[in-house]
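Data from structure_32.txt: compact mmCIF, C-alpha atoms
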# COMPACT_ATOMS: atom_id res chain seq x y z
CA MET A 194 0.00 0.00 0.00
CA GLY A 195 1.67 3.24 -1.09
CA ALA A 196 0.96 6.84 -0.27
CA GLU A 197 -2.30 6.61 -2.15
CA ALA A 198 -5.06 4.42 -0.76
CA THR A 199 -8.22 3.59 -2.63
CA ALA A 200 -11.55 3.57 -0.87
CA GLY A 201 -14.89 3.56 -2.64
CA GLY A 202 -13.14 4.12 -5.97
CA ALA A 203 -11.54 7.41 -4.88
CA ALA A 204 -7.83 7.81 -4.25
CA ALA A 205 -6.88 9.43 -0.96
CA LYS A 206 -3.57 10.16 0.68
CA ARG A 207 -2.61 8.13 3.68
CA ARG A 208 -3.03 10.24 6.80
CA ALA A 209 -0.39 10.56 9.50
CA LEU A 210 -0.36 12.09 12.97
CA VAL A 211 3.01 13.10 14.45
CA THR A 212 2.89 14.30 18.06
CA GLY A 213 5.47 16.86 19.06
CA GLY A 214 6.07 17.63 15.40
CA THR A 215 7.07 21.29 15.53
CA ARG A 216 10.80 20.99 16.11
CA GLY A 217 13.72 18.60 16.30
CA ILE A 218 13.14 14.94 15.51
CA GLY A 219 9.37 15.36 15.29
CA ALA A 220 9.61 18.14 12.71
CA ALA A 221 12.07 16.10 10.64
CA ILE A 222 9.73 13.11 10.72
CA ALA A 223 6.73 15.21 9.72
CA ALA A 224 8.62 16.87 6.86
CA ARG A 225 9.83 13.51 5.57
CA LEU A 226 6.33 12.04 5.62
CA VAL A 227 5.05 15.05 3.68
CA ARG A 228 7.75 14.45 1.07
CA ASP A 229 6.66 10.82 0.93
CA GLY A 230 3.18 11.93 -0.04
CA LEU A 231 1.25 11.63 3.23
CA ALA A 232 -1.25 14.12 4.62
CA VAL A 233 0.43 14.99 7.90
CA THR A 234 -0.96 16.55 11.07
CA VAL A 235 1.42 17.55 13.84
CA THR A 236 0.81 18.57 17.42
CA GLY A 237 2.45 21.11 19.66
CA THR A 238 1.60 22.84 22.91
CA ARG A 239 1.35 26.43 21.63
CA SER A 240 -1.99 27.78 20.47
CA ASP A 241 -0.14 29.79 17.80
CA GLY A 242 2.24 27.00 16.82
CA ARG A 243 2.87 25.53 13.40
CA GLY A 244 4.51 22.48 11.92
CA PRO A 245 6.74 22.07 8.87
CA ASP A 246 5.50 23.28 5.49
CA GLY A 247 2.70 21.13 4.15
CA THR A 248 1.46 19.95 7.55
CA SER A 249 -1.66 20.74 9.54
CA TYR A 250 -1.28 21.79 13.15
CA LEU A 251 -3.25 20.99 16.30
CA ALA A 252 -2.50 22.35 19.76
CA VAL A 253 -2.74 19.98 22.71
CA ASP A 254 -1.07 19.64 26.08
CA LEU A 255 -0.52 15.90 26.38
CA GLY A 256 0.46 16.38 30.01
CA ASP A 257 -3.08 17.50 30.78
CA ARG A 258 -5.03 14.30 31.36
CA ALA A 259 -8.41 15.66 30.29
CA ALA A 260 -7.00 17.41 27.22
CA ALA A 261 -5.08 14.30 26.18
CA ALA A 262 -8.18 12.14 26.51
CA ALA A 263 -10.30 14.54 24.46
CA PHE A 264 -7.61 14.77 21.81
CA ALA A 265 -7.32 10.99 21.59
CA ASP A 266 -11.09 10.67 21.18
CA ALA A 267 -10.97 13.11 18.26
CA ALA A 268 -7.98 11.32 16.73
CA GLY A 269 -9.91 8.08 16.78
CA GLY A 270 -12.35 9.45 14.23
CA ALA A 271 -9.79 11.14 12.00
CA GLY A 272 -8.85 8.09 9.95
CA TYR A 273 -5.11 8.11 10.62
CA ASP A 274 -3.20 5.36 8.84
CA VAL A 275 0.11 6.25 10.51
CA LEU A 276 0.65 7.32 14.11
CA VAL A 277 4.05 8.56 15.26
CA ASN A 278 4.15 9.11 19.01
CA ASN A 279 7.09 11.47 19.27
CA ALA A 280 6.09 13.98 21.96
CA GLY A 281 8.12 13.58 25.10
CA ILE A 282 9.52 15.43 28.08
CA ASN A 283 12.33 14.81 30.55
CA ARG A 284 13.01 15.67 34.15
CA ILE A 285 16.59 15.04 35.29
CA ALA A 286 17.10 14.64 39.03
CA GLY A 287 18.38 12.19 41.60
CA ILE A 288 15.79 9.81 42.99
CA ALA A 289 15.51 11.73 46.25
CA ASP A 290 14.90 14.95 44.36
CA VAL A 291 12.37 13.77 41.79
CA LYS A 292 9.09 15.39 42.71
CA PRO A 293 6.20 12.93 42.46
CA GLU A 294 4.28 15.42 40.36
CA ASP A 295 7.20 15.63 37.92
CA PHE A 296 7.44 11.85 37.74
CA ASP A 297 3.71 11.71 37.00
CA LEU A 298 3.95 14.42 34.32
CA VAL A 299 6.75 12.59 32.48
CA HIS A 300 4.65 9.45 32.44
CA GLU A 301 1.52 11.34 31.36
CA VAL A 302 3.27 12.70 28.27
CA ASN A 303 5.70 9.90 27.44
CA LEU A 304 3.51 6.88 28.14
CA ARG A 305 -0.12 7.47 29.08
CA SER A 306 -0.88 9.78 26.15
CA VAL A 307 0.68 7.20 23.81
CA PHE A 308 -1.57 4.52 25.26
CA LEU A 309 -4.61 6.75 24.73
CA LEU A 310 -3.73 7.55 21.12
CA CYS A 311 -2.93 3.95 20.23
CA ARG A 312 -6.18 2.84 21.84
CA ALA A 313 -8.06 5.47 19.84
CA VAL A 314 -6.63 4.83 16.36
CA VAL A 315 -6.45 1.03 16.39
CA PRO A 316 -10.18 0.41 15.72
CA GLY A 317 -10.09 2.45 12.52
CA MET A 318 -6.86 0.82 11.41
CA ARG A 319 -8.47 -2.56 11.99
CA GLN A 320 -11.43 -1.61 9.83
CA ARG A 321 -9.08 -0.62 7.02
CA ALA A 322 -6.82 -3.64 7.67
CA TYR A 323 -3.81 -1.34 7.59
CA GLY A 324 -1.88 0.73 10.10
CA ARG A 325 1.60 1.73 11.14
CA ILE A 326 2.39 2.90 14.68
CA ILE A 327 5.88 4.10 15.57
CA ASN A 328 6.67 5.05 19.15
CA ILE A 329 9.75 7.22 19.61
CA ALA A 330 11.53 5.86 22.65
CA SER A 331 15.21 6.48 23.46
CA ILE A 332 18.48 4.75 24.13
CA PHE A 333 17.38 5.26 27.72
CA ALA A 334 14.76 2.61 27.03
CA VAL A 335 17.67 0.21 26.52
CA VAL A 336 20.32 1.48 28.92
CA SER A 337 20.13 4.17 31.56
CA ARG A 338 22.21 6.38 33.80
CA GLU A 339 21.88 8.26 37.05
CA GLN A 340 19.17 10.90 37.42
CA ARG A 341 17.00 9.32 34.71
CA ALA A 342 14.50 7.44 36.90
CA ALA A 343 11.42 9.26 35.60
CA TYR A 344 12.50 9.34 31.96
CA SER A 345 13.88 5.82 31.66
CA SER A 346 10.94 4.23 33.42
CA SER A 347 8.58 5.98 30.97
CA LYS A 348 10.61 4.92 27.94
CA PHE A 349 11.12 1.32 29.10
CA GLY A 350 7.35 1.26 29.63
CA LEU A 351 6.80 2.68 26.16
CA ASP A 352 8.75 -0.18 24.60
CA GLY A 353 6.73 -2.65 26.65
CA LEU A 354 3.55 -1.07 25.32
CA THR A 355 4.95 -1.41 21.80
CA ALA A 356 5.68 -5.12 22.22
CA ALA A 357 2.27 -5.94 23.70
CA LEU A 358 0.33 -3.92 21.14
CA ALA A 359 2.30 -5.35 18.23
CA ALA A 360 1.41 -8.88 19.31
CA GLU A 361 -2.26 -7.94 19.58
CA VAL A 362 -2.79 -6.18 16.25
CA ALA A 363 -0.37 -7.79 13.77
CA ARG A 364 -3.09 -10.08 12.44
CA ASP A 365 -5.11 -6.97 11.57
CA GLY A 366 -2.47 -5.56 9.23
CA ILE A 367 -1.12 -3.13 11.84
CA LEU A 368 2.63 -3.03 12.49
CA VAL A 369 3.89 -1.42 15.70
CA ASN A 370 7.52 -0.59 16.47
CA SER A 371 9.66 1.56 18.72
CA VAL A 372 12.55 3.68 17.48
CA SER A 373 15.19 4.53 20.06
CA PRO A 374 17.43 7.41 18.99
CA GLY A 375 20.74 8.08 20.63
CA PHE A 376 22.13 11.58 20.84
CA VAL A 377 20.69 13.79 18.10
CA ASP A 378 22.01 17.11 16.83
CA THR A 379 19.04 19.38 17.49
CA ASP A 380 18.86 23.02 18.47
CA LEU A 381 17.91 21.97 22.00
CA THR A 382 20.90 19.63 22.28
CA ARG A 383 23.25 22.37 21.13
CA ARG A 384 21.78 24.89 23.57
CA ILE A 385 22.21 22.48 26.47
CA LEU A 386 25.65 21.06 25.65
CA GLY A 387 27.37 23.78 23.65
CA ASP A 388 30.18 23.09 21.21
CA ALA A 389 32.52 21.65 23.84
CA GLY A 390 29.87 19.30 25.15
CA ILE A 391 28.98 18.16 21.64
CA ALA A 392 32.64 17.41 20.89
CA GLU A 393 33.09 15.45 24.14
CA LEU A 394 29.93 13.44 23.58
CA SER A 395 30.79 12.72 19.95
CA GLY A 396 34.05 11.19 21.10
CA ARG A 397 32.12 8.55 23.05
CA ILE A 398 30.03 7.46 20.06
CA PRO A 399 31.69 4.89 17.78
CA ILE A 400 30.64 6.78 14.64
CA ARG A 401 32.15 9.92 16.23
CA ARG A 402 29.23 12.26 15.69
CA LEU A 403 25.66 12.88 16.76
CA ALA A 404 22.76 11.75 14.61
CA GLN A 405 21.01 14.22 12.36
CA PRO A 406 17.21 14.48 12.76
CA ASP A 407 16.77 13.51 9.11
CA GLU A 408 18.50 10.18 9.81
CA ILE A 409 15.94 9.35 12.47
CA ALA A 410 13.17 10.50 10.14
CA ALA A 411 14.40 8.22 7.35
CA LEU A 412 14.11 5.18 9.63
CA VAL A 413 10.65 6.19 10.81
CA ALA A 414 9.54 6.79 7.22
CA TRP A 415 10.64 3.28 6.25
CA LEU A 416 8.79 1.72 9.18
CA ALA A 417 5.69 3.74 8.25
CA GLY A 418 5.96 3.09 4.54
CA PRO A 419 4.97 0.44 2.01
CA GLU A 420 8.29 -1.41 2.10
CA ASN A 421 7.76 -2.46 5.70
CA THR A 422 5.45 -5.45 5.48
CA TYR A 423 6.85 -7.70 8.22
CA LEU A 424 8.88 -5.85 10.84
CA SER A 425 6.82 -5.42 14.00
CA GLY A 426 7.21 -5.53 17.76
CA GLN A 427 10.80 -4.31 17.62
CA ASN A 428 12.77 -1.57 19.32
CA VAL A 429 15.11 -0.30 16.60
CA VAL A 430 18.06 1.49 18.21
CA ILE A 431 19.68 4.18 16.05
CA ASP A 432 22.60 5.51 18.06
CA GLY A 433 25.81 5.25 16.03
CA GLY A 434 26.79 2.17 18.03
CA PHE A 435 26.71 3.92 21.43
CA THR A 436 24.81 1.21 23.32
CA ARG A 437 26.89 -1.63 21.86
CA VAL A 438 30.26 -0.67 23.32
Before we go any further, please render this structure as structure tokens.
Amino acid sequence: MGAEATAGGAAAKRRALVTGGTRGIGAAIAARLVRDGLAVTVTGTRSDGRGPDGTSYLAVDLGDRAAAAAFADAAGGAGYDVLVNNAGINRIAGIADVKPEDFDLVHEVNLRSVFLLCRAVVPGMRQRAYGRIINIASIFAVVSREQRAAYSSSKFGLDGLTAALAAEVARDGILVNSVSPGFVDTDLTRRILGDAGIAELSGRIPIRRLAQPDEIAALVAWLAGPENTYLSGQNVVIDGGFTRV
């Protein structure tokens, strides 16, 4: 099934929803899917936000439980063929300093909202006997480090959700996978680390550089596209070899 799907004799673009699609990895994914011929909707938290050229934009705070539930209900009727759960937040602190409300917020955005959206779009995908769900996890869903209790637990949980859902819906023509990026060269990364920090981090990655957002997007596009007919239930790590040394 390519970018064009036929229903009732009329050709229609496949529809994709990319959460957190206004910047960084999410924006690169959305832009790539547009180039691949999909009708793409992205989300962000700003009422005046916008996604990459060619996308539609919807504002939603996925950390707000009521707003996330209402958004998922609406998404369930939108006929999405591809769902990319990219929105995520992080709170870095030692275990004694993690505020319970911060722990809960990380899980609301990184895991619970994903559950709600998957739950909402699966019935429509089943009816069409086609769907692709890609959950953007992290290398911290595979390994972890200090001060990542809230983030890693949400991302390990996200990969568990991926595995369970993939087993449940594969017979319905729906493939579900996680993608776990390593360190990615985004504006946010550069603001946090600076040039010296980027250079030091790059030296610890076997490929000796950070990933580019477009490289993550290319993998997601393949998983979401017509060439992927069998890969499901996997956590595909794209980290330049970082977690293998």
Pairwise distance for CA of Ser331 (chain A) and CA of Gly375 (chain A), rounded to one decimal in Å:
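Atom-to-atom, CA of Ser331 (chain A) and CA of Gly375 (chain A) are spaced 6.4 Å apart.
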Nearest to Gln405 (chain A) among A:Ile431, A:Leu309, A:Val291, A:Leu368, with distances taken over all atoms listed in the file: which residue is it?
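Among the listed residues, A:Ile431 lies closest to Gln405 (chain A).
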Give me the residues near Val253 (chain A) as a list in words, where near means some atom within 9 Å (using all atoms listed in the file) and where sequence neighbours in that chain fewer than 4 positions away do not count.
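My list of contacting residues is Thr236, Gly237, Thr238, Arg239, Ser240, Asp257, Ala260, Ala261 and Phe264 of chain A.
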Generate the output file for the selected residues, C-alpha atoms, as an mmCIF file, in the coordinates of the input.
data_model
loop_
_atom_site.group_PDB
_atom_site.id
_atom_site.type_symbol
_atom_site.label_atom_id
_atom_site.label_comp_id
_atom_site.auth_asym_id
_atom_site.auth_seq_id
_atom_site.Cartn_x
_atom_site.Cartn_y
_atom_site.Cartn_z
ATOM 1 C CA THR A 236 0.810 18.570 17.420
ATOM 2 C CA GLY A 237 2.450 21.110 19.660
ATOM 3 C CA THR A 238 1.600 22.840 22.910
ATOM 4 C CA ARG A 239 1.350 26.430 21.630
ATOM 5 C CA SER A 240 -1.990 27.780 20.470
ATOM 6 C CA ASP A 257 -3.080 17.500 30.780
ATOM 7 C CA ALA A 260 -7.000 17.410 27.220
ATOM 8 C CA ALA A 261 -5.080 14.300 26.180
ATOM 9 C CA PHE A 264 -7.610 14.770 21.810
#
Quick one: residues within 12 Å of (28.6, 10.9, 22.4) (file frame), counting only C-alpha atoms, please, as a JSON list (two decimals) with C-alpha atoms, keeping the file's coordinate frame.
[["chain", "number", "residue", "atom", "x", "y", "z"],
["A", 332, "ILE", "CA", 18.48, 4.75, 24.13],
["A", 375, "GLY", "CA", 20.74, 8.08, 20.63],
["A", 376, "PHE", "CA", 22.13, 11.58, 20.84],
["A", 377, "VAL", "CA", 20.69, 13.79, 18.10],
["A", 378, "ASP", "CA", 22.01, 17.11, 16.83],
["A", 382, "THR", "CA", 20.90, 19.63, 22.28],
["A", 386, "LEU", "CA", 25.65, 21.06, 25.65],
["A", 389, "ALA", "CA", 32.52, 21.65, 23.84],
["A", 390, "GLY", "CA", 29.87, 19.30, 25.15],
["A", 391, "ILE", "CA", 28.98, 18.16, 21.64],
["A", 392, "ALA", "CA", 32.64, 17.41, 20.89],
["A", 393, "GLU", "CA", 33.09, 15.45, 24.14],
["A", 394, "LEU", "CA", 29.93, 13.44, 23.58],
["A", 395, "SER", "CA", 30.79, 12.72, 19.95],
["A", 396, "GLY", "CA", 34.05, 11.19, 21.10],
["A", 397, "ARG", "CA", 32.12, 8.55, 23.05],
["A", 398, "ILE", "CA", 30.03, 7.46, 20.06],
["A", 399, "PRO", "CA", 31.69, 4.89, 17.78],
["A", 400, "ILE", "CA", 30.64, 6.78, 14.64],
["A", 401, "ARG", "CA", 32.15, 9.92, 16.23],
["A", 402, "ARG", "CA", 29.23, 12.26, 15.69],
["A", 403, "LEU", "CA", 25.66, 12.88, 16.76],
["A", 404, "ALA", "CA", 22.76, 11.75, 14.61],
["A", 432, "ASP", "CA", 22.60, 5.51, 18.06],
["A", 433, "GLY", "CA", 25.81, 5.25, 16.03],
["A", 434, "GLY", "CA", 26.79, 2.17, 18.03],
["A", 435, "PHE", "CA", 26.71, 3.92, 21.43],
["A", 436, "THR", "CA", 24.81, 1.21, 23.32],
["A", 438, "VAL", "CA", 30.26, -0.67, 23.32]]
Taking into account all atoms listed in the file, which residue in the set A:Gln320, A:Asn303, A:Thr248, A:Gln340 is nearest to Arg284 (chain A)?
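Comparing A:Gln320, A:Asn303, A:Thr248, A:Gln340 against Arg284 (chain A), the winner is A:Gln340.
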Suppose you want the space between CA of Leu255 (chain A) and CA of Ala280 (chain A); what is it in Å?
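Computed distance, CA of Leu255 (chain A) to CA of Ala280 (chain A), equals 8.2 Å.
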Could you give me, as a PyMOL selection string, the residues within 10 Å of Gly418 (chain A), counting only C-alpha atoms and dropping anything in the same chain fewer than 2 positions from it?
chain A and resi 194-196+207+226+229+231+275+324-325+412-416+420-422
